Amino acid sequence: MEPATWRYTMRISTKRPLATQKGKGRQLPLLNAPASRKTPQKTTRNRITGRRAVAVTIMLGKLVSILFIAAFIFSVCKFVYNSEIFHFRNIAIQGCKETDPEKLEEIVWDNSSVNILRIDLELVKERLEQQTWVKNVEIRRVLPSSLVLYVRERVPSVILEMSGQLMLADDDGILLDEYDPHYGKLDVPVFTGILGKDAESYRLYQEENTLLISHALKALTEIKSGAPQYMALISEIDISDRNNLKVILVNDNTEIHLGKEDYRNRLHKFFANKESYEEIKKKYGGVVSVDLRSDTQITYDTSVNVLGSPQRGTMNSHPQTGF
């Protein structure tokens with residue numbers, strides 16, 4: 001019996017698989033293959049679109065919030081500006097001594113609106129500070145219906161001679177009133193040589209008069225700080241010429257010319273040579289003026305002699321101390 005024979009048969013195909021043929025058919029999806037992903041460009045577009053949507057939403061939310069707040073503020077303002085609760089009713093004034101408070105109240109009422117929040121405080125302040133004695137005013141609202149005025153008045157510090165009449169002014173040269181004892185004793189020289197014959201014409205030259213008074217006050221401050229004992233000896237001070245301040249001493253009519261600087265030392269030079277001055281005054285029957293503007297000499301103008309011409313002489317100054 002012949003043995004059994006096993007045959008193996010192999011089929012060989014020379015054709016490529018359909019999936020590998022270029023341009024022939026479409027590639028079949030593989031089993032258990034992962035899901036296809038979106039392209040990078042499409043993903044970027046989706047992200048940009050999402051961000052824009054979020055930004056628009058936020059912007060709209062802010063706009064709505066702003067509109068809501070504006071509407072709320074408008075409603076509150078409308079209520080406040082029309083409510084009787086904030087009607088202007090009361091005025092309190094502090095600091096008036098020389099100023100009439102009733103006059104200030106009248107000015108406030110004439111320049112105020114019904115509602116206290118609508119009052120123009122700057123306008124009211126400007127009107128109040130036009131009053132003679134008022135130097136500065138601070139105004140505060142006290143809700144719901146009051147104003148408080150803190151008045152700072154001017155302080156009389158200068159006595160001016162004007163057409164034979166004595167007037168009071170402050171450090172700024174603001175004319176206040178006629179001199180009266182009830183204002184208290186002012187231990188200051190009388191200022192002469194101002195511009196203007198009366199109060200009205202004086203104010204026409206207010207700027208110039210203020211400069212003249214300010215210059216003279218600085219000179220007196222210099223003298224007082226270095227030699228306070230001289231202040232009680234000065235009766236008048238002629239301020240008409242800023243380049244040549246002239247003083248007149250108590251119980252004397254002689255003009256002492258101090259120039260425009262170094263007032264204390266020049267006045268000290270006069271008192272250091274007081275004996276010589278008295279001798280010349282006695283010899284010539286009087287001295288019209290003494291010029292101290294030179295650093296090395298003193299010039300005396302004596303009274304008119306019998307021939308009608310003034311006598312003029314000079315004397316070297318001596319550097320003594322004291323007088």
# chains A, B, ... in the order shown; residues from 1 in each chain; ligands from 1

call {"tool": "residues_around", "arguments": {"residues": "Ala169 in chain A", "least_positions_apart": "4", "cutoff": "7 Å", "atoms": "only C-alpha atoms", "output": "PDB file with N, CA and C atoms, in the first residue's frame"}}
result
ATOM      1  N   PRO A 156      -6.222 146.953  60.475  1.00  0.00           N
ATOM      2  CA  PRO A 156      -5.606 148.264  60.248  1.00  0.00           C
ATOM      3  C   PRO A 156      -4.193 148.302  60.813  1.00  0.00           C
ATOM      4  N   SER A 157      -3.241 148.705  59.991  1.00  0.00           N
ATOM      5  CA  SER A 157      -1.842 148.723  60.418  1.00  0.00           C
ATOM      6  C   SER A 157      -1.105 149.973  59.969  1.00  0.00           C
ATOM      7  N   VAL A 158      -1.758 150.790  59.148  1.00  0.00           N
ATOM      8  CA  VAL A 158      -1.120 151.979  58.592  1.00  0.00           C
ATOM      9  C   VAL A 158      -2.064 153.165  58.761  1.00  0.00           C
ATOM     10  N   ILE A 159      -1.493 154.306  59.136  1.00  0.00           N
ATOM     11  CA  ILE A 159      -2.242 155.563  59.193  1.00  0.00           C
ATOM     12  C   ILE A 159      -1.768 156.453  58.050  1.00  0.00           C
ATOM     13  N   GLY A 173      -2.384 148.107  51.734  1.00  0.00           N
ATOM     14  CA  GLY A 173      -2.707 149.445  51.267  1.00  0.00           C
ATOM     15  C   GLY A 173      -4.174 149.642  50.959  1.00  0.00           C
ATOM     16  N   ILE A 174      -5.029 148.739  51.427  1.00  0.00           N
ATOM     17  CA  ILE A 174      -6.467 148.878  51.200  1.00  0.00           C
ATOM     18  C   ILE A 174      -7.021 149.879  52.206  1.00  0.00           C
ATOM     19  N   LEU A 175      -7.644 150.923  51.693  1.00  0.00           N
ATOM     20  CA  LEU A 175      -8.208 151.968  52.541  1.00  0.00           C
ATOM     21  C   LEU A 175      -9.436 151.422  53.271  1.00  0.00           C
ATOM     22  N   LEU A 176      -9.459 151.588  54.604  1.00  0.00           N
ATOM     23  CA  LEU A 176     -10.509 150.972  55.407  1.00  0.00           C
ATOM     24  C   LEU A 176     -11.541 151.970  55.925  1.00  0.00           C
TER      25      LEU A 176
END

call {"tool": "residues_around", "arguments": {"residues": "range 162-164 of chain A", "least_positions_apart": "5", "cutoff": "8 Å", "atoms": "only C-alpha atoms", "output": "ChimeraX atom specification"}}
result
/A:192,194,196-198

call {"tool": "atom_distance", "arguments": {"atom1": "CA of Leu160 in chain A", "atom2": "CA of Pro189 in chain A"}}
result
9.0 Å

call {"tool": "residues_around", "arguments": {"residues": "Ser214 in chain A", "least_positions_apart": "4", "cutoff": "12 Å", "atoms": "only C-alpha atoms", "output": "ChimeraX atom specification"}}
result
/A:157-158,169-174,191,194,206-210,218-221,239,242

call {"tool": "select_by_dssp", "arguments": {"residues": "range 109-318 of chain A", "states": "strand (DSSP E or B)", "output": "MDAnalysis selection string"}}
result
chainID A and resid 115 134:142 146:153 158:162 165:169 175:178 190:192 234:238 245:249 255:259 287:291 297:304 310:316

call {"tool": "residues_around", "arguments": {"residues": "Phe88 in chain A", "least_positions_apart": "3", "cutoff": "9 Å", "atoms": "only C-alpha atoms", "output": "list in words"}}
result
Glu84, Ile85, Ile91, Ser112, Ser113, Val114, Asn115, Ile116, Leu117, Ile119, Pro144, Ser145, Ser146 and Leu147 of chain A

call {"tool": "write_last_selection", "arguments": {"atoms": "N, CA and C atoms", "output": "mmCIF file, in the first residue's frame"}}
result
data_model
loop_
_atom_site.group_PDB
_atom_site.id
_atom_site.type_symbol
_atom_site.label_atom_id
_atom_site.label_comp_id
_atom_site.auth_asym_id
_atom_site.auth_seq_id
_atom_site.Cartn_x
_atom_site.Cartn_y
_atom_site.Cartn_z
ATOM 1 N N GLU A 84 -37.346 119.532 48.067
ATOM 2 C CA GLU A 84 -37.431 120.629 49.027
ATOM 3 C C GLU A 84 -36.495 120.428 50.214
ATOM 4 N N ILE A 85 -36.045 119.205 50.388
ATOM 5 C CA ILE A 85 -35.132 118.928 51.505
ATOM 6 C C ILE A 85 -33.866 119.770 51.383
ATOM 7 N N ILE A 91 -28.097 130.766 57.056
ATOM 8 C CA ILE A 91 -26.725 131.261 56.915
ATOM 9 C C ILE A 91 -26.146 131.487 58.309
ATOM 10 N N SER A 112 -27.561 133.690 45.327
ATOM 11 C CA SER A 112 -27.753 132.256 45.551
ATOM 12 C C SER A 112 -29.025 131.779 44.871
ATOM 13 N N SER A 113 -29.064 130.482 44.573
ATOM 14 C CA SER A 113 -30.255 129.859 44.000
ATOM 15 C C SER A 113 -31.061 129.210 45.112
ATOM 16 N N VAL A 114 -32.225 128.675 44.733
ATOM 17 C CA VAL A 114 -33.105 128.065 45.735
ATOM 18 C C VAL A 114 -32.475 126.810 46.320
ATOM 19 N N ASN A 115 -31.897 125.982 45.463
ATOM 20 C CA ASN A 115 -31.292 124.735 45.922
ATOM 21 C C ASN A 115 -29.857 124.987 46.374
ATOM 22 N N ILE A 116 -29.512 124.485 47.542
ATOM 23 C CA ILE A 116 -28.194 124.766 48.114
ATOM 24 C C ILE A 116 -27.061 124.178 47.276
ATOM 25 N N LEU A 117 -27.334 123.087 46.544
ATOM 26 C CA LEU A 117 -26.301 122.452 45.735
ATOM 27 C C LEU A 117 -26.057 123.196 44.430
ATOM 28 N N ILE A 119 -25.824 126.533 44.311
ATOM 29 C CA ILE A 119 -25.213 127.825 44.608
ATOM 30 C C ILE A 119 -23.771 127.843 44.106
ATOM 31 N N PRO A 144 -28.670 119.571 55.135
ATOM 32 C CA PRO A 144 -29.298 119.694 53.800
ATOM 33 C C PRO A 144 -29.595 121.114 53.340
ATOM 34 N N SER A 145 -29.425 122.175 54.201
ATOM 35 C CA SER A 145 -29.989 123.457 53.781
ATOM 36 C C SER A 145 -29.242 124.690 54.275
ATOM 37 N N SER A 146 -27.980 124.576 54.711
ATOM 38 C CA SER A 146 -27.312 125.716 55.330
ATOM 39 C C SER A 146 -25.955 126.024 54.696
ATOM 40 N N LEU A 147 -25.541 127.294 54.849
ATOM 41 C CA LEU A 147 -24.197 127.735 54.497
ATOM 42 C C LEU A 147 -23.536 128.328 55.736
#

call {"tool": "atom_distance", "arguments": {"atom1": "CA of Arg203 in chain A", "atom2": "CA of Leu166 in chain A"}}
result
15.7 Å

call {"tool": "atom_distance", "arguments": {"atom1": "CA of Ala216 in chain A", "atom2": "CA of Asn251 in chain A"}}
result
21.2 Å
